[in-house]
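Source file input_37.cif; content: mmCIF, C-alpha atoms.
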```cif
data_start
loop_
_atom_site.group_PDB
_atom_site.id
_atom_site.type_symbol
_atom_site.label_atom_id
_atom_site.label_comp_id
_atom_site.auth_asym_id
_atom_site.auth_seq_id
_atom_site.Cartn_x
_atom_site.Cartn_y
_atom_site.Cartn_z
ATOM 1 C CA MET A 1 -38.853 14.814 2.582
ATOM 2 C CA THR A 2 -37.155 14.039 5.910
ATOM 3 C CA LEU A 3 -34.057 11.865 5.715
ATOM 4 C CA VAL A 4 -33.307 9.085 8.182
ATOM 5 C CA ASN A 5 -30.361 10.090 10.386
ATOM 6 C CA LEU A 6 -28.050 8.297 12.817
ATOM 7 C CA GLU A 7 -29.607 9.905 15.873
ATOM 8 C CA GLN A 8 -32.992 8.400 14.996
ATOM 9 C CA LEU A 9 -31.440 4.944 14.565
ATOM 10 C CA GLU A 10 -29.531 5.279 17.836
ATOM 11 C CA CYS A 11 -32.711 6.288 19.625
ATOM 12 C CA ILE A 12 -34.806 3.340 18.467
ATOM 13 C CA VAL A 13 -31.995 0.884 19.292
ATOM 14 C CA GLU A 14 -31.581 2.345 22.782
ATOM 15 C CA VAL A 15 -35.353 2.381 23.456
ATOM 16 C CA ALA A 16 -35.572 -1.241 22.307
ATOM 17 C CA ARG A 17 -32.715 -2.139 24.661
ATOM 18 C CA CYS A 18 -34.168 -0.273 27.661
ATOM 19 C CA GLY A 19 -37.857 -0.724 26.980
ATOM 20 C CA SER A 20 -38.381 2.860 28.115
ATOM 21 C CA LEU A 21 -38.162 6.304 26.516
ATOM 22 C CA THR A 22 -37.200 7.811 29.848
ATOM 23 C CA ARG A 23 -34.229 5.514 30.468
ATOM 24 C CA ALA A 24 -33.161 5.799 26.817
ATOM 25 C CA ALA A 25 -33.225 9.603 27.123
ATOM 26 C CA GLN A 26 -31.087 9.433 30.272
ATOM 27 C CA ASN A 27 -28.554 7.110 28.636
ATOM 28 C CA ARG A 28 -28.302 9.308 25.544
ATOM 29 C CA LEU A 29 -28.213 12.573 27.522
ATOM 30 C CA MET A 30 -31.348 13.781 25.733
ATOM 31 C CA THR A 31 -34.790 14.906 26.848
ATOM 32 C CA VAL A 32 -37.660 12.436 26.701
ATOM 33 C CA ALA A 33 -39.342 14.790 24.238
ATOM 34 C CA GLY A 34 -36.245 14.722 22.035
ATOM 35 C CA VAL A 35 -36.166 10.910 21.942
ATOM 36 C CA SER A 36 -39.922 10.772 21.298
ATOM 37 C CA ARG A 37 -39.641 13.275 18.452
ATOM 38 C CA ALA A 38 -36.742 11.378 16.824
ATOM 39 C CA ILE A 39 -38.764 8.159 16.865
ATOM 40 C CA SER A 40 -41.945 9.853 15.612
ATOM 41 C CA LEU A 41 -40.104 11.447 12.670
ATOM 42 C CA LEU A 42 -38.587 8.077 11.742
ATOM 43 C CA GLU A 43 -41.990 6.371 11.936
ATOM 44 C CA GLN A 44 -43.435 9.070 9.679
ATOM 45 C CA GLU A 45 -40.565 8.701 7.198
ATOM 46 C CA LEU A 46 -40.954 4.906 7.064
ATOM 47 C CA ASN A 47 -44.755 5.054 7.277
ATOM 48 C CA MET A 48 -44.874 2.385 9.990
ATOM 49 C CA GLN A 49 -45.179 2.135 13.760
ATOM 50 C CA ILE A 50 -41.954 0.963 15.418
ATOM 51 C CA PHE A 51 -43.076 1.073 19.067
ATOM 52 C CA ILE A 52 -46.332 0.816 20.936
ATOM 53 C CA ARG A 53 -45.912 3.354 23.731
ATOM 54 C CA SER A 54 -47.687 3.330 27.065
ATOM 55 C CA ARG A 55 -47.123 4.481 30.628
ATOM 56 C CA SER A 56 -45.423 1.178 31.396
ATOM 57 C CA GLY A 57 -42.890 1.572 28.602
ATOM 58 C CA ALA A 58 -42.325 1.028 24.877
ATOM 59 C CA VAL A 59 -42.774 -2.312 23.118
ATOM 60 C CA GLN A 60 -41.575 -2.939 19.565
ATOM 61 C CA THR A 61 -44.082 -3.904 16.928
ATOM 62 C CA PRO A 62 -43.333 -6.968 14.750
ATOM 63 C CA GLU A 63 -42.364 -4.707 11.850
ATOM 64 C CA GLY A 64 -40.475 -2.507 14.317
ATOM 65 C CA GLU A 65 -38.281 -5.485 15.305
ATOM 66 C CA LEU A 66 -37.101 -5.777 11.707
ATOM 67 C CA ILE A 67 -36.332 -2.043 11.501
ATOM 68 C CA ILE A 68 -34.449 -2.121 14.808
ATOM 69 C CA GLN A 69 -32.290 -5.046 13.650
ATOM 70 C CA LYS A 70 -31.502 -3.159 10.453
ATOM 71 C CA ALA A 71 -30.636 -0.104 12.540
ATOM 72 C CA LYS A 72 -28.258 -2.179 14.681
ATOM 73 C CA ASN A 73 -26.493 -3.439 11.558
ATOM 74 C CA ILE A 74 -26.169 0.073 10.144
ATOM 75 C CA LEU A 75 -24.800 1.462 13.424
ATOM 76 C CA LYS A 76 -22.290 -1.392 13.616
ATOM 77 C CA GLU A 77 -21.003 -0.539 10.138
ATOM 78 C CA VAL A 78 -20.844 3.141 11.037
ATOM 79 C CA GLN A 79 -18.752 2.273 14.097
ATOM 80 C CA GLU A 80 -16.434 0.187 11.923
ATOM 81 C CA LEU A 81 -16.082 3.165 9.587
ATOM 82 C CA ARG A 82 -15.189 5.400 12.530
ATOM 83 C CA ILE A 83 -12.565 2.929 13.764
ATOM 84 C CA GLU A 84 -11.139 2.625 10.252
ATOM 85 C CA ALA A 85 -10.934 6.409 9.981
ATOM 86 C CA GLN A 86 -9.167 6.608 13.355
ATOM 87 C CA ASN A 87 -6.701 3.933 12.267
ATOM 88 C CA TYR A 88 -6.091 5.759 8.994
ATOM 89 C CA ASN A 89 -5.470 9.045 10.768
ATOM 90 C CA GLY A 90 -3.153 7.337 13.241
ATOM 91 C CA ILE A 91 -1.115 5.768 10.445
ATOM 92 C CA ASN A 92 -1.252 8.844 8.225
ATOM 93 C CA ASN A 93 0.281 11.006 10.950
ATOM 94 C CA ALA A 94 2.934 8.526 12.101
ATOM 95 C CA LYS A 95 6.684 9.092 11.950
ATOM 96 C CA ILE A 96 8.738 5.928 11.490
ATOM 97 C CA ARG A 97 12.500 5.394 11.154
ATOM 98 C CA ILE A 98 13.663 2.146 9.568
ATOM 99 C CA GLY A 99 17.163 0.723 9.146
ATOM 100 C CA THR A 100 18.317 -2.011 6.806
ATOM 101 C CA ILE A 101 21.313 -3.863 5.511
ATOM 102 C CA PRO A 102 21.851 -2.756 1.891
ATOM 103 C CA GLY A 103 20.384 -5.730 0.043
ATOM 104 C CA PRO A 104 16.662 -5.221 0.769
ATOM 105 C CA MET A 105 16.829 -1.457 0.134
ATOM 106 C CA GLY A 106 15.260 -1.704 -3.333
ATOM 107 C CA LEU A 107 12.320 -3.689 -1.962
ATOM 108 C CA LEU A 108 11.871 -1.326 0.972
ATOM 109 C CA VAL A 109 11.744 1.646 -1.366
ATOM 110 C CA ASP A 110 9.016 -0.117 -3.365
ATOM 111 C CA VAL A 111 7.045 -0.639 -0.140
ATOM 112 C CA LEU A 112 7.658 2.982 0.867
ATOM 113 C CA VAL A 113 6.337 4.280 -2.460
ATOM 114 C CA GLN A 114 3.094 2.307 -2.123
ATOM 115 C CA LEU A 115 2.630 3.287 1.521
ATOM 116 C CA LYS A 116 3.044 6.964 0.651
ATOM 117 C CA LYS A 117 0.306 6.555 -1.953
ATOM 118 C CA ASP A 118 -1.991 4.940 0.609
ATOM 119 C CA TYR A 119 -1.057 7.278 3.481
ATOM 120 C CA PRO A 120 0.282 10.583 2.080
ATOM 121 C CA GLY A 121 0.930 12.040 5.539
ATOM 122 C CA LEU A 122 3.025 9.100 6.737
ATOM 123 C CA GLN A 123 6.636 10.096 7.405
ATOM 124 C CA LEU A 124 9.105 7.260 6.768
ATOM 125 C CA GLU A 125 12.874 7.443 6.846
ATOM 126 C CA ILE A 126 15.051 4.528 5.692
ATOM 127 C CA ILE A 127 18.776 4.319 6.386
ATOM 128 C CA GLU A 128 21.395 1.692 5.519
ATOM 129 C CA GLY A 129 23.826 0.180 7.979
ATOM 130 C CA GLY A 130 25.527 -2.957 9.220
ATOM 131 C CA THR A 131 23.754 -5.573 11.304
ATOM 132 C CA VAL A 132 25.496 -4.819 14.604
ATOM 133 C CA ASP A 133 24.909 -1.060 14.341
ATOM 134 C CA LEU A 134 21.261 -1.564 13.396
ATOM 135 C CA LEU A 135 20.636 -3.847 16.370
ATOM 136 C CA ARG A 136 22.121 -1.275 18.720
ATOM 137 C CA GLU A 137 20.027 1.540 17.248
ATOM 138 C CA VAL A 138 16.773 -0.414 17.543
ATOM 139 C CA SER A 139 17.654 -1.255 21.134
ATOM 140 C CA ASP A 140 18.350 2.368 22.089
ATOM 141 C CA GLY A 141 15.255 3.654 20.277
ATOM 142 C CA SER A 142 17.030 5.470 17.437
ATOM 143 C CA LEU A 143 15.278 3.136 14.972
ATOM 144 C CA ASP A 144 11.740 1.745 15.113
ATOM 145 C CA LEU A 145 12.458 -1.253 12.906
ATOM 146 C CA ALA A 146 15.490 -2.838 11.237
ATOM 147 C CA PHE A 147 16.029 -5.515 8.617
ATOM 148 C CA ILE A 148 19.172 -7.507 9.347
ATOM 149 C CA LEU A 149 21.047 -10.667 8.405
ATOM 150 C CA LEU A 150 21.608 -13.244 11.146
ATOM 151 C CA SER A 151 22.158 -16.962 11.511
ATOM 152 C CA SER A 152 19.962 -16.985 14.626
ATOM 153 C CA MET A 153 18.197 -14.597 16.986
ATOM 154 C CA ASN A 154 20.647 -12.514 18.989
ATOM 155 C CA GLU A 155 20.277 -13.277 22.709
ATOM 156 C CA LYS A 156 22.322 -10.193 23.620
ATOM 157 C CA TYR A 157 19.168 -8.125 23.073
ATOM 158 C CA PRO A 158 16.384 -9.643 25.235
ATOM 159 C CA ASP A 159 14.327 -6.460 24.807
ATOM 160 C CA LEU A 160 14.046 -6.989 21.033
ATOM 161 C CA TYR A 161 11.551 -9.011 19.015
ATOM 162 C CA PHE A 162 13.024 -10.926 16.061
ATOM 163 C CA GLU A 163 10.657 -11.870 13.233
ATOM 164 C CA GLU A 164 12.098 -14.253 10.643
ATOM 165 C CA ILE A 165 11.142 -13.196 7.122
ATOM 166 C CA ILE A 166 13.032 -15.528 4.799
ATOM 167 C CA GLU A 167 16.019 -17.869 4.731
ATOM 168 C CA GLY A 168 18.851 -16.610 2.588
ATOM 169 C CA GLY A 169 20.782 -18.904 0.300
ATOM 170 C CA LEU A 170 24.433 -18.028 -0.241
ATOM 171 C CA VAL A 171 25.266 -16.670 -3.696
ATOM 172 C CA ILE A 172 28.081 -14.959 -5.523
ATOM 173 C CA GLY A 173 27.806 -12.046 -7.908
ATOM 174 C CA VAL A 174 30.177 -12.285 -10.867
ATOM 175 C CA SER A 175 30.777 -10.391 -14.070
ATOM 176 C CA LYS A 176 29.261 -11.985 -17.147
ATOM 177 C CA GLN A 177 32.808 -11.877 -18.507
ATOM 178 C CA SER A 178 33.983 -14.273 -15.782
ATOM 179 C CA PRO A 179 34.441 -17.994 -16.552
ATOM 180 C CA LEU A 180 32.323 -18.618 -13.443
ATOM 181 C CA ALA A 181 29.307 -16.989 -15.110
ATOM 182 C CA ALA A 182 28.615 -20.177 -17.082
ATOM 183 C CA LYS A 183 28.231 -22.311 -13.958
ATOM 184 C CA GLN A 184 24.896 -23.291 -12.437
ATOM 185 C CA SER A 185 26.457 -23.260 -8.955
ATOM 186 C CA VAL A 186 29.924 -22.865 -7.420
ATOM 187 C CA THR A 187 31.841 -24.347 -4.483
ATOM 188 C CA PRO A 188 34.683 -22.869 -2.410
ATOM 189 C CA ASP A 189 37.134 -24.793 -4.610
ATOM 190 C CA ASP A 190 35.807 -22.927 -7.667
ATOM 191 C CA LEU A 191 36.628 -19.641 -5.897
ATOM 192 C CA ARG A 192 40.144 -20.566 -4.818
ATOM 193 C CA ASN A 193 41.807 -18.151 -7.258
ATOM 194 C CA SER A 194 39.219 -15.391 -6.967
ATOM 195 C CA SER A 195 39.468 -12.015 -5.299
ATOM 196 C CA PHE A 196 36.526 -10.707 -3.301
ATOM 197 C CA VAL A 197 34.846 -7.351 -2.752
ATOM 198 C CA LEU A 198 32.488 -7.418 0.189
ATOM 199 C CA TYR A 199 29.969 -5.305 1.960
ATOM 200 C CA ASP A 200 31.587 -4.377 5.273
ATOM 201 C CA ASP A 201 29.421 -6.357 7.673
ATOM 202 C CA LYS A 202 30.380 -8.793 10.436
ATOM 203 C CA TYR A 203 28.075 -11.499 9.168
ATOM 204 C CA ILE A 204 29.333 -11.310 5.602
ATOM 205 C CA ALA A 205 32.854 -11.608 7.034
ATOM 206 C CA ASN A 206 31.805 -14.779 8.873
ATOM 207 C CA ILE A 207 30.498 -16.271 5.629
ATOM 208 C CA VAL A 208 33.780 -15.545 3.839
ATOM 209 C CA ALA A 209 35.728 -17.034 6.758
ATOM 210 C CA GLN A 210 34.125 -20.373 5.909
ATOM 211 C CA LEU A 211 36.046 -20.320 2.608
ATOM 212 C CA GLY A 212 39.333 -20.620 4.486
ATOM 213 C CA ASP A 213 42.223 -18.392 5.533
ATOM 214 C CA THR A 214 43.436 -17.965 1.958
ATOM 215 C CA ALA A 215 40.436 -15.905 0.799
ATOM 216 C CA ASP A 216 41.793 -12.857 -1.063
ATOM 217 C CA VAL A 217 39.688 -9.845 -0.059
ATOM 218 C CA LEU A 218 40.403 -6.947 -2.401
ATOM 219 C CA PHE A 219 38.392 -4.527 -0.255
ATOM 220 C CA ARG A 220 35.432 -4.178 2.094
ATOM 221 C CA THR A 221 33.122 -1.207 1.799
ATOM 222 C CA ASN A 222 29.687 0.163 2.639
ATOM 223 C CA HIS A 223 29.548 1.701 -0.839
ATOM 224 C CA VAL A 224 27.513 -0.728 -2.942
ATOM 225 C CA GLU A 225 28.314 1.076 -6.192
ATOM 226 C CA ALA A 226 32.033 0.410 -5.571
ATOM 227 C CA ILE A 227 31.196 -3.297 -5.210
ATOM 228 C CA HIS A 228 29.171 -3.142 -8.409
ATOM 229 C CA ARG A 229 31.980 -1.536 -10.359
ATOM 230 C CA ALA A 230 34.634 -4.000 -9.180
ATOM 231 C CA VAL A 231 32.432 -6.990 -10.018
ATOM 232 C CA ARG A 232 31.270 -5.535 -13.333
ATOM 233 C CA GLU A 233 34.894 -4.961 -14.415
ATOM 234 C CA ASN A 234 35.693 -8.575 -13.484
ATOM 235 C CA LEU A 235 38.198 -7.520 -10.829
ATOM 236 C CA ALA A 236 36.543 -9.558 -8.110
ATOM 237 C CA VAL A 237 33.580 -11.613 -6.941
ATOM 238 C CA THR A 238 31.119 -10.557 -4.247
ATOM 239 C CA ILE A 239 29.382 -12.863 -1.758
ATOM 240 C CA ALA A 240 26.010 -12.304 -0.134
ATOM 241 C CA THR A 241 22.670 -13.942 0.529
ATOM 242 C CA ASP A 242 20.341 -14.218 -2.444
ATOM 243 C CA PHE A 243 17.727 -11.838 -0.996
ATOM 244 C CA SER A 244 20.426 -9.233 -0.363
ATOM 245 C CA LEU A 245 21.926 -9.418 -3.839
ATOM 246 C CA LYS A 246 18.490 -9.371 -5.491
ATOM 247 C CA GLY A 247 17.880 -5.997 -3.908
ATOM 248 C CA TYR A 248 20.722 -4.344 -5.786
ATOM 249 C CA PRO A 249 19.520 -2.470 -8.894
ATOM 250 C CA TRP A 250 22.365 -3.888 -10.998
ATOM 251 C CA ILE A 251 21.164 -7.435 -10.285
ATOM 252 C CA LYS A 252 17.564 -6.500 -11.066
ATOM 253 C CA ALA A 253 18.625 -5.071 -14.418
ATOM 254 C CA GLY A 254 20.492 -8.291 -15.210
ATOM 255 C CA ALA A 255 22.756 -6.469 -17.650
ATOM 256 C CA ASP A 256 26.316 -7.188 -16.569
ATOM 257 C CA ILE A 257 26.349 -9.272 -13.378
ATOM 258 C CA THR A 258 25.181 -12.832 -12.779
ATOM 259 C CA MET A 259 24.041 -14.302 -9.453
ATOM 260 C CA ILE A 260 25.097 -17.933 -8.851
ATOM 261 C CA PRO A 261 24.343 -20.192 -5.837
ATOM 262 C CA LEU A 262 27.345 -20.835 -3.579
ATOM 263 C CA LEU A 263 27.424 -24.329 -2.079
ATOM 264 C CA ILE A 264 29.329 -24.609 1.211
ATOM 265 C CA THR A 265 29.150 -27.895 3.100
ATOM 266 C CA ASP A 266 27.787 -27.476 6.639
ATOM 267 C CA ALA A 267 27.433 -23.717 6.147
ATOM 268 C CA LYS A 268 25.269 -21.925 8.673
ATOM 269 C CA LYS A 269 21.881 -20.865 7.445
ATOM 270 C CA HIS A 270 21.268 -17.130 7.409
ATOM 271 C CA TYR A 271 17.945 -15.360 7.678
ATOM 272 C CA LEU A 272 16.527 -11.948 7.008
ATOM 273 C CA TYR A 273 14.933 -10.739 10.229
ATOM 274 C CA GLY A 274 12.720 -7.796 11.005
ATOM 275 C CA VAL A 275 13.716 -6.528 14.438
ATOM 276 C CA ARG A 276 11.910 -4.099 16.729
ATOM 277 C CA LYS A 277 11.412 -3.568 20.414
ATOM 278 C CA ALA A 278 9.165 -6.172 22.019
ATOM 279 C CA GLU A 279 6.833 -3.392 23.145
ATOM 280 C CA ASN A 280 6.194 -2.467 19.481
ATOM 281 C CA THR A 281 4.871 -5.827 18.279
ATOM 282 C CA SER A 282 1.331 -4.408 17.997
ATOM 283 C CA HIS A 283 2.412 -1.151 16.325
ATOM 284 C CA LYS A 284 0.019 -0.737 13.363
ATOM 285 C CA VAL A 285 2.431 0.994 10.975
ATOM 286 C CA LEU A 286 5.285 -1.402 11.680
ATOM 287 C CA ASN A 287 2.954 -4.379 11.203
ATOM 288 C CA ILE A 288 1.739 -3.016 7.866
ATOM 289 C CA PHE A 289 5.321 -2.425 6.741
ATOM 290 C CA MET A 290 6.431 -5.907 7.824
ATOM 291 C CA ASN A 291 3.472 -7.576 6.093
ATOM 292 C CA ARG A 292 4.147 -5.783 2.823
ATOM 293 C CA VAL A 293 7.863 -6.568 2.945
ATOM 294 C CA GLY A 294 7.077 -10.219 3.596
ATOM 295 C CA GLN A 295 4.670 -10.341 0.647
ATOM 296 C CA GLY A 296 7.155 -8.624 -1.652
ATOM 297 C CA ILE A 297 10.225 -10.680 -0.842
ATOM 298 C CA LYS A 298 8.749 -14.201 -1.013
#
```
Mind turning this structure into C-alpha cells?
Amino acid sequence: MTLVNLEQLECIVEVARCGSLTRAAQNRLMTVAGVSRAISLLEQELNMQIFIRSRSGAVQTPEGELIIQKAKNILKEVQELRIEAQNYNGINNAKIRIGTIPGPMGLLVDVLVQLKKDYPGLQLEIIEGGTVDLLREVSDGSLDLAFILLSSMNEKYPDLYFEEIIEGGLVIGVSKQSPLAAKQSVTPDDLRNSSFVLYDDKYIANIVAQLGDTADVLFRTNHVEAIHRAVRENLAVTIATDFSLKGYPWIKAGADITMIPLLITDAKKHYLYGVRKAENTSHKVLNIFMNRVGQGIK
C-alpha cells in the first residue's frame, strides 16, 4: 500500500495553480515525468482521477477540486508546524539575562521553572539589583530585561521601552508581635515612633522621605534576609510596595510577619515596570517572559 506524501500534495496544488504539468515541474525544480508520476500514484492511492490531462494543460475534475482543497489545508497546517518548530528551536536555544528589584524574585523564579520545563535548552540568568543600576545595565546591553519600581517612565533613557505591569500600593511589613500588627491599615502618624529597615534603593528612600525628616532608619541593605530578621525580631518596620513584599518568601509563608497597607496622603503612585531596549519589543522570549510575569502577578 502506497502512502500519501507531502510531495504528492504539493504537486497537485501547484498543477492546479499553474494549470500545467510543465510549469509546475519548473516551479518545483522537478522533471515533468516526476510531477506526472507523483500525481498518478496519488490518483491510484485515492482511486479517483484528480486531473484531466491534455496537450493544452491539466484541468481538475470535480472530485479533484475537493482533494486539492484538502491538500491546501494540510499543507497550510504543515507550514504552521514548521514555523512553530522554528520558533521553539529559536526560544530553546536563546540566552537571556534578566535583572530585578528583590520583591518580584520569587515570582520570576516560578516563571523560570515553568519556562525551563517548556524549553529545556533555554538559558536564563536572573540577578537582583537596585532600580538605577538595572536601568543602566539594560541601556548598555548588560541585561536584556529588567523589572523595576518607578513612579513614572524615566525620560533619561529614550532608547528604552517601559511596559507597566501593575500599580504598587504602599505597605509596611511588621512583626506579628508588634502592636501595629492588629491594624487594618496605618498612617505616617502610626509610624512616628517606629524604626525602619529598608532595601537600599533610591525609590524606597523617596517613599520614606514622604514620612518626614524624623524617620528613624536603623539600616539600609541589599540583604533581604537581614531585613527579614530585623522585622521578625520586632526591631523595626520595613516599607515597600505590596507586589515587592509579596515576593519575599517570609511573607508568602505568613508565619511571623504581617503586611499592612500604608496610607500616605498625596503619595506618588509607584508601578512595577518591565524595561528593555526599544529594539527588543518583538523579542519572542522576552515577550513570553513578560506575559507570564503579568499573568502571575495580577
inquiry  = With distances taken over all atoms listed in the file, which residue among A:Val217, A:Leu135, A:Gln177, A:Ala24 lies nearest Ile204 in chain A?
reply    = A:Val217
Pull out every residue that the PyMOL selection byres ((chain A and resi 4-10) around 12) matches in the shown coordinates and put them as an mmCIF file with C-alpha atoms, in the frame of the given file.
```cif
data_model
loop_
_atom_site.group_PDB
_atom_site.id
_atom_site.type_symbol
_atom_site.label_atom_id
_atom_site.label_comp_id
_atom_site.auth_asym_id
_atom_site.auth_seq_id
_atom_site.Cartn_x
_atom_site.Cartn_y
_atom_site.Cartn_z
ATOM 1 C CA MET A 1 -38.853 14.814 2.582
ATOM 2 C CA THR A 2 -37.155 14.039 5.910
ATOM 3 C CA LEU A 3 -34.057 11.865 5.715
ATOM 4 C CA CYS A 11 -32.711 6.288 19.625
ATOM 5 C CA ILE A 12 -34.806 3.340 18.467
ATOM 6 C CA VAL A 13 -31.995 0.884 19.292
ATOM 7 C CA GLU A 14 -31.581 2.345 22.782
ATOM 8 C CA VAL A 15 -35.353 2.381 23.456
ATOM 9 C CA ALA A 16 -35.572 -1.241 22.307
ATOM 10 C CA ARG A 17 -32.715 -2.139 24.661
ATOM 11 C CA ALA A 24 -33.161 5.799 26.817
ATOM 12 C CA ALA A 25 -33.225 9.603 27.123
ATOM 13 C CA ASN A 27 -28.554 7.110 28.636
ATOM 14 C CA ARG A 28 -28.302 9.308 25.544
ATOM 15 C CA MET A 30 -31.348 13.781 25.733
ATOM 16 C CA GLY A 34 -36.245 14.722 22.035
ATOM 17 C CA VAL A 35 -36.166 10.910 21.942
ATOM 18 C CA SER A 36 -39.922 10.772 21.298
ATOM 19 C CA ARG A 37 -39.641 13.275 18.452
ATOM 20 C CA ALA A 38 -36.742 11.378 16.824
ATOM 21 C CA ILE A 39 -38.764 8.159 16.865
ATOM 22 C CA SER A 40 -41.945 9.853 15.612
ATOM 23 C CA LEU A 41 -40.104 11.447 12.670
ATOM 24 C CA LEU A 42 -38.587 8.077 11.742
ATOM 25 C CA GLU A 43 -41.990 6.371 11.936
ATOM 26 C CA GLN A 44 -43.435 9.070 9.679
ATOM 27 C CA GLU A 45 -40.565 8.701 7.198
ATOM 28 C CA LEU A 46 -40.954 4.906 7.064
ATOM 29 C CA ILE A 50 -41.954 0.963 15.418
ATOM 30 C CA GLY A 64 -40.475 -2.507 14.317
ATOM 31 C CA ILE A 67 -36.332 -2.043 11.501
ATOM 32 C CA ILE A 68 -34.449 -2.121 14.808
ATOM 33 C CA GLN A 69 -32.290 -5.046 13.650
ATOM 34 C CA LYS A 70 -31.502 -3.159 10.453
ATOM 35 C CA ALA A 71 -30.636 -0.104 12.540
ATOM 36 C CA LYS A 72 -28.258 -2.179 14.681
ATOM 37 C CA ASN A 73 -26.493 -3.439 11.558
ATOM 38 C CA ILE A 74 -26.169 0.073 10.144
ATOM 39 C CA LEU A 75 -24.800 1.462 13.424
ATOM 40 C CA LYS A 76 -22.290 -1.392 13.616
ATOM 41 C CA GLU A 77 -21.003 -0.539 10.138
ATOM 42 C CA VAL A 78 -20.844 3.141 11.037
ATOM 43 C CA GLN A 79 -18.752 2.273 14.097
#
```
Proximity check range 27-119 of chain A to range 219-241 of chain A, 12 Å, nearest pairs one decimal Å, all atoms listed in the file, as JSON lines:
```
{"residue": "A:Ile101", "atom": "CA", "partner": "A:Asn222", "partner_atom": "CA", "distance": 9.7}
{"residue": "A:Pro102", "atom": "CA", "partner": "A:Val224", "partner_atom": "CA", "distance": 7.7}
{"residue": "A:Gly103", "atom": "CA", "partner": "A:Thr241", "partner_atom": "CA", "distance": 8.5}
{"residue": "A:Pro104", "atom": "CA", "partner": "A:Thr241", "partner_atom": "CA", "distance": 10.6}
{"residue": "A:Met105", "atom": "CA", "partner": "A:Val224", "partner_atom": "CA", "distance": 11.1}
```
message = Using only C-alpha atoms, which protein or nucleic acid residues come within 10 Å of Leu107 in chain A? Drop anything in the same chain fewer than 2 positions from it, and give the result as a PyMOL selection string.
response = chain A and resi 103-105+109-113+243-244+246-248+292-293+296-297
Go ahead and dump the residues you just picked, C-alpha atoms, as a PDB file, in the coordinates of the input.
```
ATOM      1  CA  GLY A 103      20.384  -5.730   0.043  1.00  0.00           C
ATOM      2  CA  PRO A 104      16.662  -5.221   0.769  1.00  0.00           C
ATOM      3  CA  MET A 105      16.829  -1.457   0.134  1.00  0.00           C
ATOM      4  CA  VAL A 109      11.744   1.646  -1.366  1.00  0.00           C
ATOM      5  CA  ASP A 110       9.016  -0.117  -3.365  1.00  0.00           C
ATOM      6  CA  VAL A 111       7.045  -0.639  -0.140  1.00  0.00           C
ATOM      7  CA  LEU A 112       7.658   2.982   0.867  1.00  0.00           C
ATOM      8  CA  VAL A 113       6.337   4.280  -2.460  1.00  0.00           C
ATOM      9  CA  PHE A 243      17.727 -11.838  -0.996  1.00  0.00           C
ATOM     10  CA  SER A 244      20.426  -9.233  -0.363  1.00  0.00           C
ATOM     11  CA  LYS A 246      18.490  -9.371  -5.491  1.00  0.00           C
ATOM     12  CA  GLY A 247      17.880  -5.997  -3.908  1.00  0.00           C
ATOM     13  CA  TYR A 248      20.722  -4.344  -5.786  1.00  0.00           C
ATOM     14  CA  ARG A 292       4.147  -5.783   2.823  1.00  0.00           C
ATOM     15  CA  VAL A 293       7.863  -6.568   2.945  1.00  0.00           C
ATOM     16  CA  GLY A 296       7.155  -8.624  -1.652  1.00  0.00           C
ATOM     17  CA  ILE A 297      10.225 -10.680  -0.842  1.00  0.00           C
TER      18      ILE A 297
END
```
Given the file above and the PyMOL selection byres ((chain A and resi 280-285) around 10), which residues are selected, and can you give them as a short mmCIF file (atom, residue, chain, number, x, y, z; two decimals) with C-alpha atoms, keeping the file's coordinate frame?
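File written: expr.cif
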```cif
data_model
loop_
_atom_site.label_atom_id
_atom_site.label_comp_id
_atom_site.auth_asym_id
_atom_site.auth_seq_id
_atom_site.Cartn_x
_atom_site.Cartn_y
_atom_site.Cartn_z
CA ASN A 87 -6.70 3.93 12.27
CA TYR A 88 -6.09 5.76 8.99
CA GLY A 90 -3.15 7.34 13.24
CA ILE A 91 -1.12 5.77 10.44
CA ASN A 92 -1.25 8.84 8.22
CA ALA A 94 2.93 8.53 12.10
CA LYS A 95 6.68 9.09 11.95
CA ILE A 96 8.74 5.93 11.49
CA LEU A 115 2.63 3.29 1.52
CA LEU A 122 3.02 9.10 6.74
CA ASP A 144 11.74 1.74 15.11
CA LEU A 145 12.46 -1.25 12.91
CA LEU A 160 14.05 -6.99 21.03
CA TYR A 161 11.55 -9.01 19.02
CA PHE A 162 13.02 -10.93 16.06
CA GLU A 163 10.66 -11.87 13.23
CA VAL A 275 13.72 -6.53 14.44
CA ARG A 276 11.91 -4.10 16.73
CA LYS A 277 11.41 -3.57 20.41
CA ALA A 278 9.16 -6.17 22.02
CA GLU A 279 6.83 -3.39 23.14
CA LEU A 286 5.28 -1.40 11.68
CA ASN A 287 2.95 -4.38 11.20
CA ILE A 288 1.74 -3.02 7.87
CA PHE A 289 5.32 -2.42 6.74
CA MET A 290 6.43 -5.91 7.82
CA ASN A 291 3.47 -7.58 6.09
#
```
query = Using only C-alpha atoms, which of A:Thr100, A:Thr22, A:Ser151, A:Ser175 sits nearest Ile207 in chain A?
reply = A:Ser151
Atom pair CA of Asp159 in chain A / CA of Glu125 in chain A: separation (Å) =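 These atoms are spaced 22.8 Å apart.
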request  = Rounded to one decimal place, report the CA of Gly294 in chain A-CA of Gly274 in chain A distance in Å.
outcome  =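 Answer for the CA of Gly294 in chain A to CA of Gly274 in chain A separation: 9.6 Å.
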query = Which is closer to Val138 in chain A than all the others in A:Arg192, A:Ile98, A:Leu218, A:Gln60, using only C-alpha atoms?
reply =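 For Val138 in chain A, the nearest of the given residues is A:Ile98.
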remark   = CA of Tyr119 in chain A sits from CA of Ala85 in chain A at a separation of 11.9 Å
key: Among listed residues A:Leu149, A:Ala182, A:Asn193, A:Lys156, nearest Lys269 in chain A (using all atoms listed in the file)   =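 Counting all atoms listed in the file, the residue closest to Lys269 in chain A is A:Leu149.
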remark   = Using all atoms listed in the file, the shortest atom-to-atom distance to Asp201 in chain A among A:Gly168, A:Pro261, A:Gly173, A:Gly129 belongs to A:Gly129
inquiry  = With distances taken over all atoms listed in the file, which residue among A:Ile148, A:Ser139, A:Leu21, A:Val32 lies nearest Val59 in chain A?
reply    = A:Leu21
Name all residues at most 6 Å from Ala58 in chain A (count all atoms listed in the file; drop same-chain ones fewer than 6 positions away) and give them as an mmCIF file with C-alpha atoms, in the frame of the given file.
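New file out.cif:
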```
data_model
loop_
_atom_site.group_PDB
_atom_site.id
_atom_site.type_symbol
_atom_site.label_atom_id
_atom_site.label_comp_id
_atom_site.auth_asym_id
_atom_site.auth_seq_id
_atom_site.Cartn_x
_atom_site.Cartn_y
_atom_site.Cartn_z
ATOM 1 C CA GLY A 19 -37.857 -0.724 26.980
ATOM 2 C CA SER A 20 -38.381 2.860 28.115
ATOM 3 C CA PHE A 51 -43.076 1.073 19.067
ATOM 4 C CA ILE A 52 -46.332 0.816 20.936
#
```
